Amino acid sequence: MRIDPFGLERWFAEYEHEADIMLAESGIRSLDASRFDLDPGTLGYVIPTNGDPEFRAAVGDRYDRSADEVLFTCGTQEANFLTFLSLLGDEAAVDGGGGAASPEGVGSGTHAVVVTPTYQALHAVPDAFGDVTRVELEPPEWELDPEAVADAVRDDTAVIVVNNPNNPTGQYHDEAAMRAVYEVAVERDAYLLCDEVYRLLAEEPQPPVASYGAHGISTTSLTKAYGLAGLRFGWIAGPEPVVERAWRWKDYTTISPSLFGQHVAKQALGPQEDDILTANRELAAAHRETVAEWVDDHDLDWLDPVGVNAFVTVPDGFADAEAFCRTVVEEASVVLAPGHLFGFPDRFRIGFGLPTDELEEGLDRVSGVIAEHAPPTDSAATTGGDA
């Protein structure tokens, strides 16, 4: 088994720690720990290691799922990784089960259909375990096409993968399209896995995919919408056979979720949730307007996003997004994410969930770079001659 280098993480490793402003961060600004009770008591493992049963039941209620259909993980990254392991990482079905979504177990398909562009782990990990067919979203609208997904599935397809709202484009695929893709999964005895880490930043969040039925799996965490990346607390919600197998794999990764993470998560998903989400949605909406004005000022193009990511066209005067982003970080000490890391070299990802003063300063610096490298206008090019 081999896996491709994680291009975005390598890009961040090259520039993030020395740059002044991180304008490529894909989450909301981090909350201060002081607003929470930080004493979880004795520092042992979470027991049972899949998470506190009462808390899992409370999370499961959000998906019309039971406690046994929820597994707590160290962030969405582990949630997705364990789900792929459970669906693609074993050759034989659990307890001799049949197809991918049969009630007796989990099937042994090795093929995944992944809607891209998306976060690299959502296609690189299943590609390491099996075979991946990508269904590309097309600019400028980046709309999900259920028929294209249906054309891509095969007899050995175990899972269809969608990130909604989408990273990097900010497109929020509508519920009708998502349910149509779910029906494709049902018809082919596969699962629909939806990474929903940005879902609760929407003003009107759609129902989670895990609530659709037996073939739906949702993964998420408190990282993006809640501003609690440092907790490393997430979960899988879905059919019990998938969750049970994911727990078996978790025994070989992090064993249990973070004790601190679970302790603070109970507060963030309890009495503090409404205040956290209201404030974060307001910040995201205000910053979206700021970036929209900036995009218009520079005559660039984007899809008005849901969440705190946008995929913007490269300004004139640069060969491609990588050249633009390297120039910006080297001359202005601002990190952006070049679009070639998502398969689109003519665009860059900008994140606008950071604190307001940092966002405004970052945009001003990028504007200065754009002005410095702007190609001459026609009038400037023709001005001159003999005095």
# chains A, B, ... in the order shown; residues from 1 in each chain; ligands from 1
>>> select_by_dssp(residues="segment 17-117 of chain A", states="strand (DSSP E or B)", output="list in words")
Ile21, Met22, Val70, Leu71, Phe72, Thr73, His111, Ala112, Val113, Val114, Val115 and Thr116 of chain A
>>> write_last_selection(atoms="C-alpha atoms", output="mmCIF file, in the first residue's frame")
data_model
loop_
_atom_site.group_PDB
_atom_site.id
_atom_site.type_symbol
_atom_site.label_atom_id
_atom_site.label_comp_id
_atom_site.auth_asym_id
_atom_site.auth_seq_id
_atom_site.Cartn_x
_atom_site.Cartn_y
_atom_site.Cartn_z
ATOM 1 C CA ILE A 21 -0.909 35.803 8.326
ATOM 2 C CA MET A 22 -2.565 32.478 7.529
ATOM 3 C CA VAL A 70 -21.724 6.710 16.874
ATOM 4 C CA LEU A 71 -17.962 6.463 17.345
ATOM 5 C CA PHE A 72 -15.951 9.350 18.797
ATOM 6 C CA THR A 73 -12.661 10.046 17.038
ATOM 7 C CA HIS A 111 -13.912 0.852 -5.275
ATOM 8 C CA ALA A 112 -14.846 4.380 -4.202
ATOM 9 C CA VAL A 113 -16.499 7.176 -6.158
ATOM 10 C CA VAL A 114 -15.250 10.544 -4.897
ATOM 11 C CA VAL A 115 -16.703 13.927 -5.849
ATOM 12 C CA THR A 116 -13.817 16.356 -6.440
#
>>> closest_residue(among="A:Ala265, A:Leu137, A:Val328, A:Val181", to="Thr169 of chain A", atoms="only C-alpha atoms")
A:Leu137
>>> residues_around(residues="segment 268-284 of chain A", least_positions_apart="3", cutoff="8 Å", atoms="only C-alpha atoms", output="list in words")
Ile28, Leu200, Leu201, Ala202, Glu203, Ala225, Tyr226, Gly227, Val264, Ala265, His287, Arg288, Gly307, Val308, Phe352 and Gly353 of chain A
>>> select_by_dssp(residues="segment 234-328 of chain A", states="alpha helix (DSSP H)", output="number ranges by chain")
A: 240-250, 259-268, 273-297, 321-328
>>> write_last_selection(atoms="N, CA and C atoms", output="compact mmCIF listing (two decimals), in the first residue's frame")
# COMPACT_ATOMS: atom_id res chain seq x y z
N GLU A 240 -24.62 0.60 12.33
CA GLU A 240 -23.84 -0.05 13.38
C GLU A 240 -22.74 -0.97 12.86
N PRO A 241 -22.94 -1.77 11.79
CA PRO A 241 -21.84 -2.62 11.33
C PRO A 241 -20.61 -1.82 10.91
N VAL A 242 -20.82 -0.65 10.27
CA VAL A 242 -19.70 0.19 9.86
C VAL A 242 -19.02 0.78 11.08
N VAL A 243 -19.82 1.29 12.01
CA VAL A 243 -19.26 1.91 13.22
C VAL A 243 -18.52 0.88 14.06
N GLU A 244 -19.08 -0.32 14.17
CA GLU A 244 -18.42 -1.38 14.94
C GLU A 244 -17.06 -1.73 14.33
N ARG A 245 -17.01 -1.86 13.02
CA ARG A 245 -15.74 -2.19 12.38
C ARG A 245 -14.76 -1.02 12.52
N ALA A 246 -15.24 0.21 12.40
CA ALA A 246 -14.36 1.37 12.58
C ALA A 246 -13.76 1.38 13.98
N TRP A 247 -14.55 0.97 14.98
CA TRP A 247 -14.05 0.90 16.36
C TRP A 247 -12.93 -0.15 16.45
N ARG A 248 -13.09 -1.27 15.76
CA ARG A 248 -12.02 -2.28 15.74
C ARG A 248 -10.72 -1.68 15.21
N TRP A 249 -10.82 -0.89 14.15
CA TRP A 249 -9.62 -0.25 13.59
C TRP A 249 -9.09 0.82 14.55
N LYS A 250 -9.97 1.51 15.24
CA LYS A 250 -9.52 2.56 16.16
C LYS A 250 -8.66 2.00 17.28
N LEU A 259 -9.66 12.67 26.28
CA LEU A 259 -10.46 12.91 27.47
C LEU A 259 -10.81 14.38 27.60
N PHE A 260 -9.83 15.26 27.36
CA PHE A 260 -10.10 16.70 27.38
C PHE A 260 -11.11 17.06 26.29
N GLY A 261 -10.91 16.46 25.11
CA GLY A 261 -11.80 16.76 24.00
C GLY A 261 -13.24 16.41 24.30
N GLN A 262 -13.45 15.22 24.87
CA GLN A 262 -14.82 14.82 25.19
C GLN A 262 -15.41 15.71 26.27
N HIS A 263 -14.60 16.09 27.27
CA HIS A 263 -15.07 16.93 28.37
C HIS A 263 -15.53 18.29 27.86
N VAL A 264 -14.73 18.91 27.00
CA VAL A 264 -15.10 20.23 26.47
C VAL A 264 -16.21 20.08 25.43
N ALA A 265 -16.19 19.00 24.66
CA ALA A 265 -17.23 18.79 23.65
C ALA A 265 -18.62 18.74 24.28
N LYS A 266 -18.73 18.15 25.46
CA LYS A 266 -20.03 18.10 26.13
C LYS A 266 -20.56 19.50 26.41
N GLN A 267 -19.66 20.42 26.69
CA GLN A 267 -20.07 21.81 26.94
C GLN A 267 -20.38 22.53 25.63
N ALA A 268 -19.54 22.29 24.61
CA ALA A 268 -19.74 22.97 23.33
C ALA A 268 -21.00 22.50 22.62
N GLU A 273 -23.67 25.75 22.93
CA GLU A 273 -23.73 25.54 21.48
C GLU A 273 -24.39 26.69 20.73
N ASP A 274 -25.54 27.14 21.18
CA ASP A 274 -26.25 28.20 20.45
C ASP A 274 -25.41 29.46 20.35
N ASP A 275 -24.77 29.84 21.45
CA ASP A 275 -23.95 31.06 21.43
C ASP A 275 -22.75 30.89 20.49
N ILE A 276 -22.12 29.72 20.51
CA ILE A 276 -20.95 29.48 19.66
C ILE A 276 -21.34 29.55 18.19
N LEU A 277 -22.38 28.83 17.81
CA LEU A 277 -22.75 28.76 16.40
C LEU A 277 -23.30 30.09 15.89
N THR A 278 -24.06 30.79 16.72
CA THR A 278 -24.58 32.10 16.31
C THR A 278 -23.44 33.06 16.03
N ALA A 279 -22.48 33.13 16.95
CA ALA A 279 -21.35 34.04 16.76
C ALA A 279 -20.52 33.65 15.55
N ASN A 280 -20.30 32.37 15.35
CA ASN A 280 -19.46 31.93 14.23
C ASN A 280 -20.15 32.14 12.89
N ARG A 281 -21.46 31.94 12.83
CA ARG A 281 -22.19 32.20 11.59
C ARG A 281 -22.18 33.70 11.26
N GLU A 282 -22.32 34.52 12.29
CA GLU A 282 -22.29 35.97 12.06
C GLU A 282 -20.91 36.40 11.55
N LEU A 283 -19.86 35.84 12.14
CA LEU A 283 -18.50 36.17 11.69
C LEU A 283 -18.30 35.72 10.25
N ALA A 284 -18.72 34.51 9.93
CA ALA A 284 -18.56 33.99 8.58
C ALA A 284 -19.31 34.85 7.57
N ALA A 285 -20.53 35.26 7.90
CA ALA A 285 -21.32 36.08 6.99
C ALA A 285 -20.69 37.44 6.76
N ALA A 286 -20.22 38.08 7.84
CA ALA A 286 -19.59 39.40 7.71
C ALA A 286 -18.31 39.31 6.88
N HIS A 287 -17.52 38.30 7.13
CA HIS A 287 -16.26 38.14 6.41
C HIS A 287 -16.49 37.77 4.95
N ARG A 288 -17.57 37.01 4.69
CA ARG A 288 -17.90 36.68 3.30
C ARG A 288 -18.16 37.97 2.51
N GLU A 289 -18.86 38.91 3.11
CA GLU A 289 -19.12 40.19 2.44
C GLU A 289 -17.82 40.96 2.20
N THR A 290 -16.92 40.93 3.16
CA THR A 290 -15.63 41.61 3.01
C THR A 290 -14.84 41.03 1.85
N VAL A 291 -14.79 39.70 1.78
CA VAL A 291 -14.03 39.06 0.71
C VAL A 291 -14.74 39.23 -0.63
N ALA A 292 -16.06 39.22 -0.64
CA ALA A 292 -16.79 39.44 -1.89
C ALA A 292 -16.46 40.80 -2.48
N GLU A 293 -16.38 41.81 -1.65
CA GLU A 293 -16.02 43.14 -2.13
C GLU A 293 -14.59 43.15 -2.66
N TRP A 294 -13.70 42.47 -1.97
CA TRP A 294 -12.30 42.39 -2.41
C TRP A 294 -12.19 41.67 -3.75
N VAL A 295 -12.92 40.57 -3.90
CA VAL A 295 -12.93 39.83 -5.17
C VAL A 295 -13.41 40.73 -6.30
N ASP A 296 -14.49 41.48 -6.06
CA ASP A 296 -15.02 42.39 -7.08
C ASP A 296 -14.02 43.50 -7.41
N ASP A 297 -13.37 44.05 -6.40
CA ASP A 297 -12.41 45.13 -6.61
C ASP A 297 -11.28 44.70 -7.54
N ALA A 321 -1.70 29.68 -10.18
CA ALA A 321 -1.96 29.90 -8.76
C ALA A 321 -0.72 29.66 -7.91
N GLU A 322 0.09 28.67 -8.27
CA GLU A 322 1.28 28.41 -7.47
C GLU A 322 2.24 29.60 -7.52
N ALA A 323 2.44 30.16 -8.71
CA ALA A 323 3.30 31.33 -8.84
C ALA A 323 2.73 32.51 -8.04
N PHE A 324 1.43 32.69 -8.10
CA PHE A 324 0.78 33.77 -7.36
C PHE A 324 0.95 33.58 -5.86
N CYS A 325 0.66 32.38 -5.36
CA CYS A 325 0.71 32.13 -3.92
C CYS A 325 2.14 32.20 -3.38
N ARG A 326 3.11 31.74 -4.16
CA ARG A 326 4.50 31.86 -3.72
C ARG A 326 4.93 33.33 -3.66
N THR A 327 4.51 34.09 -4.63
CA THR A 327 4.84 35.51 -4.62
C THR A 327 4.22 36.20 -3.41
N VAL A 328 2.97 35.88 -3.13
CA VAL A 328 2.27 36.51 -2.00
C VAL A 328 2.96 36.18 -0.68
>>> residues_around(residues="segment 215-221 of chain A", least_positions_apart="3", cutoff="6 Å", atoms="only C-alpha atoms", output="list in words")
Gly75, Thr76, Tyr191, Leu192, Leu193, Cys194, Asp195, Glu196, Val197, Val209, Ala210, Tyr212, Phe233, Gly234, Trp235, Ile236, Ala237 and Gly238 of chain A
>>> write_last_selection(atoms="N, CA, C and O atoms", output="short mmCIF file (atom, residue, chain, number, x, y, z; two decimals), in the first residue's frame")
data_model
loop_
_atom_site.label_atom_id
_atom_site.label_comp_id
_atom_site.auth_asym_id
_atom_site.auth_seq_id
_atom_site.Cartn_x
_atom_site.Cartn_y
_atom_site.Cartn_z
N GLY A 75 -10.86 14.03 15.74
CA GLY A 75 -11.10 14.90 14.59
C GLY A 75 -11.78 14.18 13.45
O GLY A 75 -11.96 12.96 13.45
N THR A 76 -12.15 14.97 12.43
CA THR A 76 -12.79 14.40 11.24
C THR A 76 -11.81 13.57 10.43
O THR A 76 -12.21 12.60 9.77
N TYR A 191 -22.49 2.65 0.28
CA TYR A 191 -22.75 3.70 1.26
C TYR A 191 -22.48 5.07 0.66
O TYR A 191 -21.64 5.22 -0.24
N LEU A 192 -23.17 6.06 1.19
CA LEU A 192 -22.83 7.46 0.92
C LEU A 192 -22.17 8.02 2.17
O LEU A 192 -22.80 8.10 3.23
N LEU A 193 -20.90 8.39 2.06
CA LEU A 193 -20.16 9.02 3.14
C LEU A 193 -20.08 10.51 2.86
O LEU A 193 -19.58 10.93 1.81
N CYS A 194 -20.57 11.32 3.79
CA CYS A 194 -20.52 12.77 3.64
C CYS A 194 -19.70 13.37 4.77
O CYS A 194 -20.04 13.21 5.96
N ASP A 195 -18.62 14.04 4.41
CA ASP A 195 -17.84 14.84 5.36
C ASP A 195 -18.59 16.16 5.51
O ASP A 195 -18.65 16.98 4.60
N GLU A 196 -19.16 16.37 6.71
CA GLU A 196 -20.06 17.50 6.95
C GLU A 196 -19.46 18.51 7.93
O GLU A 196 -20.19 19.19 8.66
N VAL A 197 -18.15 18.65 7.90
CA VAL A 197 -17.48 19.44 8.92
C VAL A 197 -17.85 20.93 8.87
O VAL A 197 -17.73 21.64 9.86
N VAL A 209 -26.47 13.46 6.31
CA VAL A 209 -26.63 12.27 5.48
C VAL A 209 -26.90 11.02 6.32
O VAL A 209 -27.64 10.13 5.90
N ALA A 210 -26.32 10.95 7.52
CA ALA A 210 -26.56 9.78 8.37
C ALA A 210 -28.02 9.63 8.76
O ALA A 210 -28.44 8.55 9.17
N TYR A 212 -30.44 9.99 6.57
CA TYR A 212 -31.19 9.59 5.38
C TYR A 212 -31.69 8.15 5.47
O TYR A 212 -32.74 7.83 4.93
N PHE A 233 -11.56 16.54 18.36
CA PHE A 233 -12.71 15.73 18.74
C PHE A 233 -13.71 15.70 17.59
O PHE A 233 -14.22 16.74 17.17
N GLY A 234 -13.98 14.49 17.11
CA GLY A 234 -14.95 14.31 16.03
C GLY A 234 -15.70 13.01 16.21
O GLY A 234 -15.61 12.35 17.26
N TRP A 235 -16.45 12.62 15.16
CA TRP A 235 -17.20 11.37 15.26
C TRP A 235 -17.65 10.88 13.90
O TRP A 235 -17.70 11.61 12.90
N ILE A 236 -17.99 9.59 13.91
CA ILE A 236 -18.67 8.92 12.80
C ILE A 236 -20.09 8.63 13.27
O ILE A 236 -20.28 8.15 14.40
N ALA A 237 -21.08 8.90 12.43
CA ALA A 237 -22.46 8.49 12.69
C ALA A 237 -22.93 7.70 11.48
O ALA A 237 -22.81 8.17 10.35
N GLY A 238 -23.43 6.49 11.71
CA GLY A 238 -23.85 5.68 10.59
C GLY A 238 -24.30 4.31 11.04
O GLY A 238 -24.50 4.06 12.24
#
